[in-house]
$ cat query23.cif   # mmCIF, C-alpha atoms and all ligand atoms
data_upload
#
loop_
_atom_site.label_atom_id
_atom_site.label_comp_id
_atom_site.auth_asym_id
_atom_site.auth_seq_id
_atom_site.Cartn_x
_atom_site.Cartn_y
_atom_site.Cartn_z
CA GLN A 1 -1.28 -31.32 18.03
CA ASP A 2 -4.13 -30.50 15.71
CA GLN A 3 -5.34 -33.93 15.02
CA ALA A 4 -8.38 -34.94 13.13
CA GLU A 5 -9.79 -38.38 13.20
CA LEU A 6 -11.38 -39.38 10.01
CA ILE A 7 -13.13 -42.49 8.97
CA LEU A 8 -12.75 -43.49 5.40
CA GLU A 9 -15.07 -46.21 4.34
CA GLY A 10 -16.28 -46.10 0.83
CA PRO A 11 -18.74 -48.13 -1.13
CA HIS A 12 -15.92 -49.91 -2.92
CA THR A 13 -13.85 -50.49 0.10
CA SER A 14 -14.22 -53.79 1.82
CA ALA A 15 -11.16 -55.93 2.15
CA SER A 16 -12.97 -58.86 0.61
CA GLN A 17 -13.45 -56.87 -2.56
CA SER A 18 -9.79 -56.25 -3.09
CA GLU A 19 -9.24 -59.90 -3.86
CA GLU A 20 -11.35 -59.84 -6.97
CA ARG A 21 -10.21 -56.40 -7.98
CA LYS A 22 -6.53 -57.11 -8.32
CA LYS A 23 -4.84 -54.65 -10.55
CA THR A 24 -7.32 -54.08 -13.29
CA THR A 25 -9.88 -51.48 -12.55
CA LYS A 26 -11.78 -52.52 -15.62
CA GLU A 27 -12.58 -55.82 -14.00
CA ARG A 28 -14.08 -54.04 -11.05
CA GLU A 29 -17.79 -53.31 -11.16
CA GLU A 30 -18.22 -55.14 -14.40
CA GLY A 31 -21.86 -55.91 -14.91
CA GLU A 32 -22.81 -52.60 -13.34
CA GLU A 33 -24.84 -50.08 -15.23
CA GLU A 34 -23.24 -49.58 -18.60
CA GLY A 35 -22.06 -46.11 -19.58
CA ASP A 36 -22.75 -44.49 -22.89
CA VAL A 37 -20.20 -43.79 -25.52
CA PHE A 38 -19.37 -40.15 -25.45
CA GLN A 39 -18.31 -38.04 -28.31
CA ASP A 40 -17.54 -34.38 -28.17
CA SER A 41 -17.76 -32.62 -31.46
CA GLU A 42 -16.61 -29.18 -30.41
CA PRO A 43 -13.36 -27.98 -31.93
CA GLU A 44 -10.31 -27.80 -29.72
CA LEU A 45 -10.04 -24.49 -28.01
CA ASP A 46 -7.34 -23.06 -25.93
CA GLU A 47 -6.96 -20.01 -23.88
CA GLU A 48 -4.08 -18.25 -22.27
CA LYS A 49 -4.23 -18.69 -18.55
CA GLY A 50 -2.71 -16.14 -16.22
CA GLU A 51 0.14 -17.64 -14.25
CA ASP A 52 -1.09 -16.48 -10.93
CA VAL A 53 -4.74 -16.26 -10.15
CA SER A 54 -5.62 -14.66 -6.86
CA ALA A 55 -7.90 -16.47 -4.49
CA GLU A 56 -10.73 -14.11 -5.29
CA SER A 57 -10.44 -14.24 -9.04
CA ALA A 58 -9.63 -17.91 -9.17
CA GLY A 59 -13.28 -18.75 -8.72
CA LYS A 60 -14.45 -16.36 -11.35
CA VAL A 61 -15.24 -18.24 -14.48
CA GLU A 62 -15.16 -16.53 -17.77
CA ASP A 63 -18.31 -16.25 -19.80
CA ASP A 64 -18.59 -17.87 -23.15
CA GLY A 65 -17.37 -14.86 -25.09
CA LYS A 66 -13.74 -15.50 -24.24
CA LYS A 67 -10.90 -15.53 -26.66
CA ARG A 68 -10.62 -18.73 -28.64
CA HIS A 69 -7.78 -20.02 -30.71
CA LYS A 70 -9.73 -22.16 -33.03
CA GLY A 71 -7.82 -24.43 -35.32
CA GLU A 72 -4.38 -23.77 -33.94
CA ALA A 73 -4.25 -27.29 -32.70
CA GLY A 74 -5.67 -28.59 -35.94
CA GLU A 75 -9.00 -30.31 -36.25
CA SER A 76 -9.06 -31.61 -32.75
CA THR A 77 -12.39 -32.82 -31.51
CA LYS A 78 -12.13 -31.90 -27.88
CA SER A 79 -13.20 -28.77 -26.12
CA GLU A 80 -11.04 -26.88 -23.69
CA ASN A 81 -13.76 -24.54 -22.52
CA PRO A 82 -14.48 -24.52 -18.83
CA PRO A 83 -17.48 -26.59 -17.78
CA PRO A 84 -20.77 -24.75 -17.41
CA LEU A 85 -21.30 -22.89 -14.20
CA ALA A 86 -24.02 -24.01 -11.84
CA PRO A 87 -27.36 -22.55 -12.92
CA PHE A 88 -27.31 -20.35 -9.82
CA ASP A 89 -24.93 -17.83 -8.25
CA HIS A 90 -22.58 -18.94 -5.49
CA ARG A 91 -24.43 -19.15 -2.19
CA ILE A 92 -23.44 -19.12 1.43
CA VAL A 93 -25.56 -21.89 2.88
CA THR A 94 -26.61 -22.46 6.47
CA PRO A 95 -28.57 -25.59 7.27
CA LYS A 96 -32.26 -24.82 7.79
CA PRO A 97 -34.26 -26.61 10.45
CA HIS A 98 -37.24 -26.98 8.11
CA GLN A 99 -38.74 -29.97 6.38
CA ILE A 100 -37.04 -30.23 3.00
CA ALA A 101 -40.25 -31.68 1.51
CA THR A 102 -41.91 -28.27 1.84
CA TYR A 103 -39.54 -26.79 -0.71
CA TYR A 104 -38.11 -29.65 -2.73
CA THR A 105 -39.37 -32.83 -4.31
CA ILE A 106 -36.79 -35.57 -3.85
CA ASN A 107 -36.96 -38.39 -6.34
CA ARG A 108 -36.27 -41.32 -4.03
CA ASP A 109 -36.25 -43.72 -6.98
CA GLU A 110 -33.54 -41.87 -8.83
CA VAL A 111 -30.24 -42.52 -7.10
CA LEU A 112 -27.41 -40.53 -8.65
CA GLY A 113 -24.71 -41.98 -6.50
CA GLY A 114 -23.82 -43.39 -3.15
CA GLY A 115 -21.04 -42.13 -0.98
CA ARG A 116 -19.58 -42.78 2.41
CA PHE A 117 -22.49 -41.27 4.29
CA GLY A 118 -25.58 -41.80 2.22
CA GLN A 119 -27.24 -41.58 -1.13
CA VAL A 120 -27.54 -38.79 -3.66
CA HIS A 121 -30.93 -38.35 -5.32
CA LYS A 122 -32.19 -36.20 -8.12
CA CYS A 123 -34.50 -33.50 -6.81
CA MET A 124 -36.39 -30.37 -7.83
CA GLU A 125 -36.93 -27.04 -6.16
CA ASN A 126 -40.69 -26.63 -6.16
CA SER A 127 -40.73 -22.83 -6.48
CA SER A 128 -38.38 -22.63 -9.47
CA GLY A 129 -38.54 -26.06 -11.08
CA LEU A 130 -34.73 -26.16 -10.89
CA THR A 131 -33.25 -29.66 -11.05
CA LEU A 132 -30.76 -30.32 -8.29
CA ALA A 133 -29.06 -33.20 -6.48
CA ALA A 134 -29.81 -33.99 -2.84
CA LYS A 135 -27.29 -35.84 -0.74
CA ILE A 136 -28.94 -37.34 2.33
CA ILE A 137 -26.40 -37.80 5.07
CA LYS A 138 -27.31 -39.80 8.15
CA ALA A 139 -26.13 -37.76 11.09
CA ARG A 140 -27.60 -38.49 14.51
CA SER A 141 -24.91 -37.55 16.98
CA GLN A 142 -23.55 -34.04 17.42
CA LYS A 143 -20.18 -35.35 16.30
CA GLU A 144 -21.61 -36.67 13.03
CA LYS A 145 -23.47 -33.39 12.51
CA GLU A 146 -20.26 -31.41 13.02
CA VAL A 147 -18.60 -33.38 10.21
CA VAL A 148 -21.40 -32.44 7.81
CA ARG A 149 -21.39 -28.82 8.97
CA ASN A 150 -17.68 -28.81 8.13
CA GLU A 151 -18.51 -30.01 4.63
CA ILE A 152 -21.02 -27.16 4.28
CA GLN A 153 -18.45 -24.66 5.55
CA VAL A 154 -15.94 -25.88 3.01
CA MET A 155 -18.40 -25.78 0.13
CA ASN A 156 -19.42 -22.25 1.13
CA GLN A 157 -15.88 -21.13 0.39
CA LEU A 158 -15.57 -22.82 -2.98
CA ASN A 159 -16.84 -21.01 -6.06
CA HIS A 160 -15.34 -22.63 -9.13
CA ALA A 161 -16.74 -24.23 -12.27
CA ASN A 162 -14.85 -27.48 -11.60
CA LEU A 163 -16.19 -27.86 -8.05
CA ILE A 164 -19.80 -28.90 -7.46
CA GLN A 165 -21.78 -26.03 -5.95
CA LEU A 166 -23.95 -26.12 -2.85
CA TYR A 167 -27.48 -24.68 -3.12
CA ALA A 168 -29.16 -25.33 0.23
CA ALA A 169 -29.01 -27.55 3.31
CA PHE A 170 -31.60 -28.94 5.70
CA GLU A 171 -30.96 -30.34 9.12
CA SER A 172 -33.27 -32.63 11.04
CA ARG A 173 -32.90 -34.96 13.97
CA HIS A 174 -31.51 -37.89 12.02
CA ASP A 175 -29.96 -36.41 8.94
CA ILE A 176 -28.57 -33.42 7.10
CA ILE A 177 -29.48 -33.01 3.44
CA LEU A 178 -27.21 -31.11 1.08
CA VAL A 179 -28.91 -29.75 -2.02
CA MET A 180 -26.38 -29.31 -4.78
CA GLU A 181 -25.87 -28.47 -8.40
CA TYR A 182 -27.10 -31.28 -10.65
CA VAL A 183 -24.89 -32.81 -13.31
CA GLU A 184 -25.95 -35.77 -15.37
CA GLY A 185 -22.81 -37.38 -16.74
CA GLY A 186 -22.08 -39.88 -13.99
CA GLU A 187 -18.77 -40.75 -12.37
CA LEU A 188 -15.53 -40.52 -14.27
CA PHE A 189 -14.84 -43.88 -12.65
CA ASP A 190 -17.50 -45.43 -14.86
CA ARG A 191 -15.73 -44.18 -17.97
CA ILE A 192 -12.51 -45.86 -16.88
CA ILE A 193 -14.19 -49.20 -16.49
CA ASP A 194 -16.48 -48.90 -19.48
CA GLU A 195 -15.26 -51.26 -22.19
CA ASN A 196 -17.33 -49.41 -24.79
CA TYR A 197 -15.83 -46.09 -23.97
CA ASN A 198 -12.32 -45.74 -25.24
CA LEU A 199 -10.64 -43.02 -23.22
CA THR A 200 -7.88 -41.56 -25.33
CA GLU A 201 -4.77 -39.88 -23.94
CA LEU A 202 -6.13 -36.55 -25.17
CA ASP A 203 -9.36 -37.12 -23.22
CA THR A 204 -7.26 -37.74 -20.16
CA VAL A 205 -5.32 -34.50 -20.70
CA LEU A 206 -8.61 -32.59 -20.74
CA PHE A 207 -9.96 -34.36 -17.64
CA ILE A 208 -6.75 -34.01 -15.64
CA ARG A 209 -6.33 -30.37 -16.57
CA GLN A 210 -9.77 -29.57 -15.17
CA ILE A 211 -9.11 -31.53 -11.99
CA CYS A 212 -5.88 -29.51 -11.70
CA GLU A 213 -7.73 -26.24 -12.19
CA GLY A 214 -10.19 -27.18 -9.45
CA LEU A 215 -7.36 -28.28 -7.17
CA GLN A 216 -5.31 -25.17 -7.86
CA TYR A 217 -8.29 -23.08 -6.83
CA MET A 218 -8.91 -25.13 -3.67
CA HIS A 219 -5.27 -24.90 -2.70
CA LYS A 220 -5.25 -21.14 -3.26
CA MET A 221 -8.18 -21.03 -0.87
CA TYR A 222 -6.04 -23.05 1.56
CA ILE A 223 -8.38 -26.04 1.39
CA LEU A 224 -7.31 -29.67 0.98
CA HIS A 225 -9.69 -32.17 -0.62
CA LEU A 226 -8.04 -35.31 0.82
CA ASP A 227 -10.38 -37.78 -0.88
CA LEU A 228 -9.68 -37.42 -4.57
CA LYS A 229 -10.44 -40.55 -6.56
CA PRO A 230 -12.22 -41.30 -9.84
CA GLU A 231 -15.51 -41.87 -7.96
CA ASN A 232 -15.36 -38.27 -6.79
CA ILE A 233 -15.03 -36.78 -10.24
CA LEU A 234 -18.33 -36.29 -12.04
CA CYS A 235 -18.80 -35.84 -15.75
CA VAL A 236 -21.07 -32.93 -16.59
CA SER A 237 -22.76 -34.84 -19.39
CA ARG A 238 -22.24 -37.92 -21.51
CA ALA A 239 -21.52 -35.75 -24.51
CA THR A 240 -18.61 -33.67 -23.24
CA ASN A 241 -15.40 -34.07 -21.34
CA LYS A 242 -16.26 -31.49 -18.70
CA ILE A 243 -15.88 -32.53 -15.09
CA LYS A 244 -16.67 -31.36 -11.58
CA ILE A 245 -15.07 -32.50 -8.35
CA ILE A 246 -17.46 -33.66 -5.61
CA ASP A 247 -17.42 -34.90 -2.04
CA PHE A 248 -15.88 -32.41 0.32
CA GLY A 249 -16.67 -34.64 3.27
CA LEU A 250 -13.01 -34.97 4.20
CA ALA A 251 -11.96 -31.56 2.91
CA ARG A 252 -10.56 -29.11 5.39
CA ARG A 253 -8.61 -25.94 5.79
CA TYR A 254 -4.90 -26.58 5.66
CA LYS A 255 -3.37 -26.41 9.11
CA PRO A 256 0.42 -26.62 9.03
CA ARG A 257 0.72 -29.22 11.74
CA GLU A 258 -2.39 -31.27 11.19
CA LYS A 259 -2.09 -35.00 10.95
CA LEU A 260 -4.87 -37.21 9.77
CA ARG A 261 -5.77 -40.47 11.34
CA VAL A 262 -7.52 -42.34 8.63
CA ASN A 263 -9.40 -45.52 9.20
CA PHE A 264 -9.32 -46.64 5.63
CA GLY A 265 -11.14 -49.28 3.75
CA THR A 266 -9.71 -48.83 0.31
CA PRO A 267 -6.11 -47.81 0.56
CA GLU A 268 -5.29 -47.58 -3.16
CA PHE A 269 -5.56 -43.78 -3.29
CA LEU A 270 -3.90 -42.98 0.01
CA ALA A 271 -0.68 -40.99 -0.02
CA PRO A 272 2.28 -42.40 1.95
CA GLU A 273 2.07 -39.57 4.51
CA VAL A 274 -1.55 -40.48 5.27
CA ILE A 275 -0.68 -44.13 5.84
CA ASN A 276 2.31 -43.11 7.97
CA TYR A 277 0.20 -40.72 9.98
CA GLU A 278 2.42 -37.80 9.07
CA PHE A 279 1.42 -34.24 8.23
CA VAL A 280 -0.89 -33.87 5.29
CA SER A 281 -0.68 -30.90 2.99
CA PHE A 282 -1.36 -29.74 -0.55
CA PRO A 283 0.93 -32.38 -2.07
CA THR A 284 -1.30 -35.05 -0.50
CA ASP A 285 -3.95 -34.16 -3.09
CA MET A 286 -1.30 -34.12 -5.81
CA TRP A 287 -0.41 -37.74 -5.04
CA SER A 288 -4.05 -38.68 -5.59
CA LEU A 289 -3.98 -36.79 -8.87
CA GLY A 290 -1.03 -38.96 -9.93
CA VAL A 291 -2.98 -42.11 -9.09
CA ILE A 292 -6.04 -40.86 -11.02
CA THR A 293 -3.90 -39.97 -14.04
CA TYR A 294 -2.30 -43.42 -14.02
CA MET A 295 -5.74 -45.03 -13.83
CA LEU A 296 -7.31 -42.95 -16.57
CA LEU A 297 -4.46 -43.71 -18.96
CA SER A 298 -4.32 -47.43 -18.31
CA GLY A 299 -7.42 -48.62 -16.49
CA LEU A 300 -5.02 -50.01 -13.90
CA SER A 301 -4.55 -49.04 -10.28
CA PRO A 302 -0.82 -48.36 -9.72
CA PHE A 303 -0.49 -49.71 -6.19
CA LEU A 304 -3.28 -52.24 -5.95
CA GLY A 305 -2.03 -55.52 -4.54
CA ASP A 306 -3.72 -58.83 -3.82
CA ASP A 307 -4.88 -57.54 -0.46
CA ASP A 308 -4.93 -54.25 1.43
CA ASN A 309 -1.70 -55.08 3.17
CA GLU A 310 0.12 -55.54 -0.10
CA THR A 311 -1.39 -52.33 -1.46
CA LEU A 312 -0.22 -50.39 1.59
CA ASN A 313 3.27 -51.84 1.24
CA ASN A 314 3.39 -50.91 -2.43
CA ILE A 315 2.44 -47.34 -1.58
CA LEU A 316 4.95 -47.03 1.26
CA ALA A 317 7.71 -48.45 -0.94
CA CYS A 318 6.47 -46.14 -3.73
CA GLN A 319 6.55 -49.25 -5.86
CA TRP A 320 4.89 -48.69 -9.19
CA ASN A 321 5.89 -48.79 -12.85
CA PHE A 322 4.82 -48.39 -16.46
CA GLU A 323 5.57 -52.00 -17.37
CA GLU A 324 2.02 -53.01 -18.26
CA GLU A 325 1.22 -53.16 -21.97
CA GLU A 326 -1.48 -50.53 -21.43
CA PHE A 327 1.33 -47.95 -21.38
CA THR A 328 2.89 -48.93 -24.71
CA ASP A 329 1.33 -46.09 -26.68
CA ILE A 330 1.27 -43.51 -23.92
CA SER A 331 3.42 -40.42 -24.49
CA ASP A 332 6.66 -39.81 -22.61
CA GLU A 333 5.17 -36.53 -21.40
CA ALA A 334 2.29 -38.37 -19.72
CA LYS A 335 4.71 -40.73 -18.03
CA ASP A 336 6.86 -37.82 -16.91
CA PHE A 337 3.77 -36.11 -15.50
CA ILE A 338 2.87 -39.14 -13.38
CA THR A 339 6.49 -39.64 -12.36
CA ARG A 340 6.55 -36.13 -10.92
CA LEU A 341 3.42 -36.74 -8.84
CA LEU A 342 3.88 -40.29 -7.54
CA VAL A 343 6.90 -39.24 -5.50
CA LYS A 344 7.09 -40.56 -1.96
CA SER A 345 8.48 -37.38 -0.43
CA LYS A 346 5.68 -34.84 -0.57
CA SER A 347 7.92 -31.82 -0.94
CA TRP A 348 9.17 -33.10 -4.30
CA ARG A 349 5.79 -33.52 -5.96
CA MET A 350 4.54 -30.99 -8.49
CA SER A 351 2.01 -28.49 -7.18
CA ALA A 352 -1.29 -27.92 -8.99
CA ALA A 353 0.14 -24.79 -10.64
CA GLU A 354 3.28 -26.66 -11.73
CA SER A 355 1.15 -29.51 -13.04
CA LEU A 356 -0.81 -27.08 -15.21
CA ARG A 357 2.47 -25.80 -16.64
CA HIS A 358 3.79 -29.31 -17.31
CA PRO A 359 4.12 -29.98 -21.07
CA TRP A 360 1.65 -32.85 -20.90
CA LEU A 361 -1.10 -30.40 -19.91
CA SER A 362 0.21 -27.27 -21.62
CA ASP A 363 2.08 -28.14 -24.83
CA ARG A 364 -0.27 -27.51 -27.71
CA SER A 365 1.90 -29.21 -30.30
CA LEU A 366 1.84 -32.33 -28.15
CA HIS A 367 -1.98 -32.14 -27.98
CA TYR A 368 -2.03 -31.74 -31.74
CA ARG A 369 0.07 -34.89 -32.11
CA LEU A 370 -2.13 -36.77 -29.65
CA ASN A 371 -5.17 -35.71 -31.63
CA GLN A 372 -3.60 -36.80 -34.91
CA LYS A 373 -2.94 -40.14 -33.29
CA VAL A 374 -6.61 -40.37 -32.32
CA ILE A 375 -7.64 -39.72 -35.89
CA LEU A 376 -5.12 -42.10 -37.43
CA THR A 377 -5.84 -44.97 -35.11
CA GLY A 378 -9.56 -44.38 -34.97
CA GLN A 379 -9.42 -44.31 -31.19
CA HIS A 380 -12.32 -41.87 -31.21
CA ILE A 381 -14.71 -44.33 -32.80
C1 LIG B 401 -24.77 -34.57 -8.83
C2 LIG B 401 -24.92 -35.71 -9.61
C3 LIG B 401 -24.44 -36.91 -9.12
C4 LIG B 401 -23.85 -36.98 -7.87
C5 LIG B 401 -23.70 -35.85 -7.12
C6 LIG B 401 -24.16 -34.63 -7.60
C7 LIG B 401 -23.04 -35.99 -5.84
C8 LIG B 401 -22.42 -35.02 -5.27
C9 LIG B 401 -21.79 -35.12 -3.98
C10 LIG B 401 -21.33 -33.97 -3.42
C11 LIG B 401 -20.74 -34.00 -2.19
C12 LIG B 401 -20.58 -35.21 -1.55
C13 LIG B 401 -21.04 -36.37 -2.13
C14 LIG B 401 -21.64 -36.31 -3.34
O1 LIG B 401 -19.99 -35.23 -0.31
O2 LIG B 401 -24.57 -37.99 -9.88
O3 LIG B 401 -25.21 -33.40 -9.33
O4 LIG B 401 -20.28 -32.90 -1.59
#
$ encode --input "query23.cif" --output "structure tokens" --more "lines below"
Ligand code: PIT
Amino acid sequence: QDQAELILEGPHTSASQSEERKKTTKEREEGEEEGDVFQDSEPELDEEKGEDVSAESAGKVEDDGKKRHKGEAGESTKSENPPPLAPFDHRIVTPKPHQIATYYTINRDEVLGGGRFGQVHKCMENSSGLTLAAKIIKARSQKEKEVVRNEIQVMNQLNHANLIQLYAAFESRHDIILVMEYVEGGELFDRIIDENYNLTELDTVLFIRQICEGLQYMHKMYILHLDLKPENILCVSRATNKIKIIDFGLARRYKPREKLRVNFGTPEFLAPEVINYEFVSFPTDMWSLGVITYMLLSGLSPFLGDDDNETLNNILACQWNFEEEEFTDISDEAKDFITRLLVKSKSWRMSAAESLRHPWLSDRSLHYRLNQKVILTGQHI
């Protein structure tokens, strides 16, 4: 009975694009702004995570003085520290009816990203000099405004280092502007397609683990993201492998009997239950995590067909495999991880907590071996 109608139309979503995209994500967006090579020189760190984090404490991020197990995983080059917190405390934001220009200077020339509803610009709070990101969302009708107010409501509840933080919001007749934490690393999507940037399996472990931590927290807060894809994962900087999840435009509180009607453009990330107009739930996000993992490891999109229709059929038939040569050197643990997420029946998929306990994300000796492989094969160069 609780039905929500959602429109999904992304910047990479037109049917005509799918033709040229085929299966290789790397081919997509070639010729776009080139990403930098990133190299993280911090030693590998690990920390014991409590099995069960309560909703309240899940958002609490440890300061830098936490226990570190340096060296246990050998001379790994990747950091397992949480990403930096926003440079401000969590805020409960209500949209202000004022002119944003009174308080912030928006750099209209500097576009950080484009989403479904508008562009994201770099901006500065005049009083503090704080650098932030402003997402300008065109919203004229009351209905459109309600959608954005929902996004604000959702972000107000989310206080976690892997989820982009909201700082302020301004509402005018034609738009609502969200002022958010600024991160400078660009989309994880760009690292997948960047020929110069060789994503190793160990990099992927670190990225996916953080996405899982963010998702685990959201799910503990009873919130579904429902639009997870590489474009919605931001790298904190070019130099590290820290990420933050963005775009809570489709996020919502889990309601046991809610179905989603999605008017999709790009179907490659949709879970079968979304296409079938069945109930969506926490496992819906876990499906997307499986797709992202597959893409990060291979640069390929697991269900992408020659056209949207073929893609949808592949998803509904849960037809995917590891046959491409890109998977030759990928560990069995990684394949097992994906296999336990890309499961058609949502009740059989791993949860975020189970994913974090999966050997691929938790087995230190495996990470040590993956790191040795990086060193031996020079994948890090
Ligand atoms: C940044 C840097 C950047 C993009 C963004 C933020 C975008 C964030 C964003 C957040 C949302 C959303 C869409 C985009 O719906 O390059 O600091 O909640």
$ closest_atom_pairs --input "query23.cif" --of "range 289-352 of chain A" --to "range 194-199 of chain A" --cutoff "12 Å" --atoms "only C-alpha atoms" --output "Markdown table"
| residue | atom | partner | partner_atom | distance |
| --- | --- | --- | --- | --- |
| A:Thr293 | CA | A:Leu199 | CA | 11.8 |
| A:Met295 | CA | A:Leu199 | CA | 10.8 |
| A:Leu296 | CA | A:Leu199 | CA | 7.4 |
| A:Leu297 | CA | A:Leu199 | CA | 7.5 |
| A:Ser298 | CA | A:Leu199 | CA | 9.1 |
| A:Gly299 | CA | A:Leu199 | CA | 9.3 |
| A:Glu326 | CA | A:Leu199 | CA | 12.0 |
| A:Ile330 | CA | A:Leu199 | CA | 11.9 |
$ closest_atom_pairs --input "query23.cif" --of "chain A" --to "ligand LIG 401 (chain B)" --cutoff "10 Å" --atoms "all atoms listed in the file" --output "tab-separated table"
residue	atom	partner	partner_atom	distance
A:Ala86	CA	B:LIG401	O3	9.8
A:Glu110	CA	B:LIG401	O2	9.8
A:Val111	CA	B:LIG401	O2	7.8
A:Leu112	CA	B:LIG401	O2	4.0
A:Gly113	CA	B:LIG401	O2	5.2
A:Gly114	CA	B:LIG401	C14	7.4
A:Gly115	CA	B:LIG401	C13	5.9
A:Arg116	CA	B:LIG401	C13	8.0
A:Phe117	CA	B:LIG401	O1	8.0
A:Gly118	CA	B:LIG401	C13	8.3
A:Gln119	CA	B:LIG401	C14	8.0
A:Val120	CA	B:LIG401	C7	5.7
A:His121	CA	B:LIG401	C4	7.6
A:Lys122	CA	B:LIG401	C2	7.4
A:Cys123	CA	B:LIG401	O3	9.6
A:Thr131	CA	B:LIG401	O3	9.0
A:Leu132	CA	B:LIG401	O3	6.4
A:Ala133	CA	B:LIG401	O3	4.8
A:Ala134	CA	B:LIG401	C6	7.4
A:Lys135	CA	B:LIG401	C14	6.2
A:Ile136	CA	B:LIG401	C13	9.1
A:Ile137	CA	B:LIG401	O1	8.8
A:Val148	CA	B:LIG401	O1	8.7
A:Glu151	CA	B:LIG401	O4	7.1
A:Ile152	CA	B:LIG401	O4	8.2
A:Val154	CA	B:LIG401	O4	9.4
A:Met155	CA	B:LIG401	O4	7.6
A:Leu163	CA	B:LIG401	O4	9.2
A:Ile164	CA	B:LIG401	C10	6.7
A:Gln165	CA	B:LIG401	O4	8.3
A:Leu166	CA	B:LIG401	O4	7.8
A:Leu178	CA	B:LIG401	O4	7.6
A:Val179	CA	B:LIG401	C10	8.8
A:Met180	CA	B:LIG401	O3	6.2
A:Glu181	CA	B:LIG401	O3	5.1
A:Tyr182	CA	B:LIG401	O3	3.1
A:Val183	CA	B:LIG401	O3	4.0
A:Glu184	CA	B:LIG401	C2	5.9
A:Gly185	CA	B:LIG401	O2	7.1
A:Gly186	CA	B:LIG401	O2	5.2
A:Glu187	CA	B:LIG401	O2	6.9
A:Asp227	CA	B:LIG401	O1	10.0
A:Glu231	CA	B:LIG401	C14	9.5
A:Asn232	CA	B:LIG401	C14	7.4
A:Ile233	CA	B:LIG401	C8	9.1
A:Leu234	CA	B:LIG401	C3	6.8
A:Cys235	CA	B:LIG401	O2	8.5
A:Val236	CA	B:LIG401	O3	8.4
A:Lys244	CA	B:LIG401	O3	9.1
A:Ile245	CA	B:LIG401	C10	8.1
A:Ile246	CA	B:LIG401	C10	4.5
A:Asp247	CA	B:LIG401	O1	3.1
A:Phe248	CA	B:LIG401	O4	4.8
A:Gly249	CA	B:LIG401	O1	4.9
A:Leu250	CA	B:LIG401	O1	8.3
A:Ala251	CA	B:LIG401	O1	9.4
$ residues_around --input "query23.cif" --residues "Ile223 in chain A" --least-positions-apart "4" --cutoff "8 Å" --atoms "all atoms listed in the file" --output "list in words"
Val154, Met218, His219, Ala251, Arg252, Arg253 and Tyr254 of chain A
$ closest_atom_pairs --input "query23.cif" --of "range 128-233 of chain A" --to "range 332-355 of chain A" --cutoff "7 Å" --atoms "only C-alpha atoms" --output "JSON lines"
{"residue": "A:Cys212", "atom": "CA", "partner": "A:Ala352", "partner_atom": "CA", "distance": 5.6}
{"residue": "A:Leu215", "atom": "CA", "partner": "A:Ala352", "partner_atom": "CA", "distance": 6.3}
{"residue": "A:Gln216", "atom": "CA", "partner": "A:Ala352", "partner_atom": "CA", "distance": 5.0}
$ write_last_selection --input "query23.cif" --atoms "C-alpha atoms" --output "PDB file, keeping the file's coordinate frame"
ATOM      1  CA  CYS A 212      -5.880 -29.510 -11.700  1.00  0.00           C
ATOM      2  CA  LEU A 215      -7.360 -28.280  -7.170  1.00  0.00           C
ATOM      3  CA  GLN A 216      -5.310 -25.170  -7.860  1.00  0.00           C
TER       4      GLN A 216
END
$ closest_residue --input "query23.cif" --among "A:Pro256, A:Gly378, A:Gly290, A:Gly305" --to "Glu278 in chain A" --atoms "all atoms listed in the file"
A:Pro256
$ closest_residue --input "query23.cif" --among "A:Asn126, A:Leu158, A:Thr266, A:Thr204" --to "Asp307 in chain A" --atoms "all atoms listed in the file"
A:Thr266
$ closest_residue --input "query23.cif" --among "A:Leu312, A:Ile106, A:Ile100, A:Leu202" --to "Ser172 in chain A" --atoms "only C-alpha atoms"
A:Ile100
$ closest_residue --input "query23.cif" --among "A:Ile193, A:Leu206, A:Ile375, A:Leu188" --to "Lys229 in chain A" --atoms "all atoms listed in the file"
A:Leu188
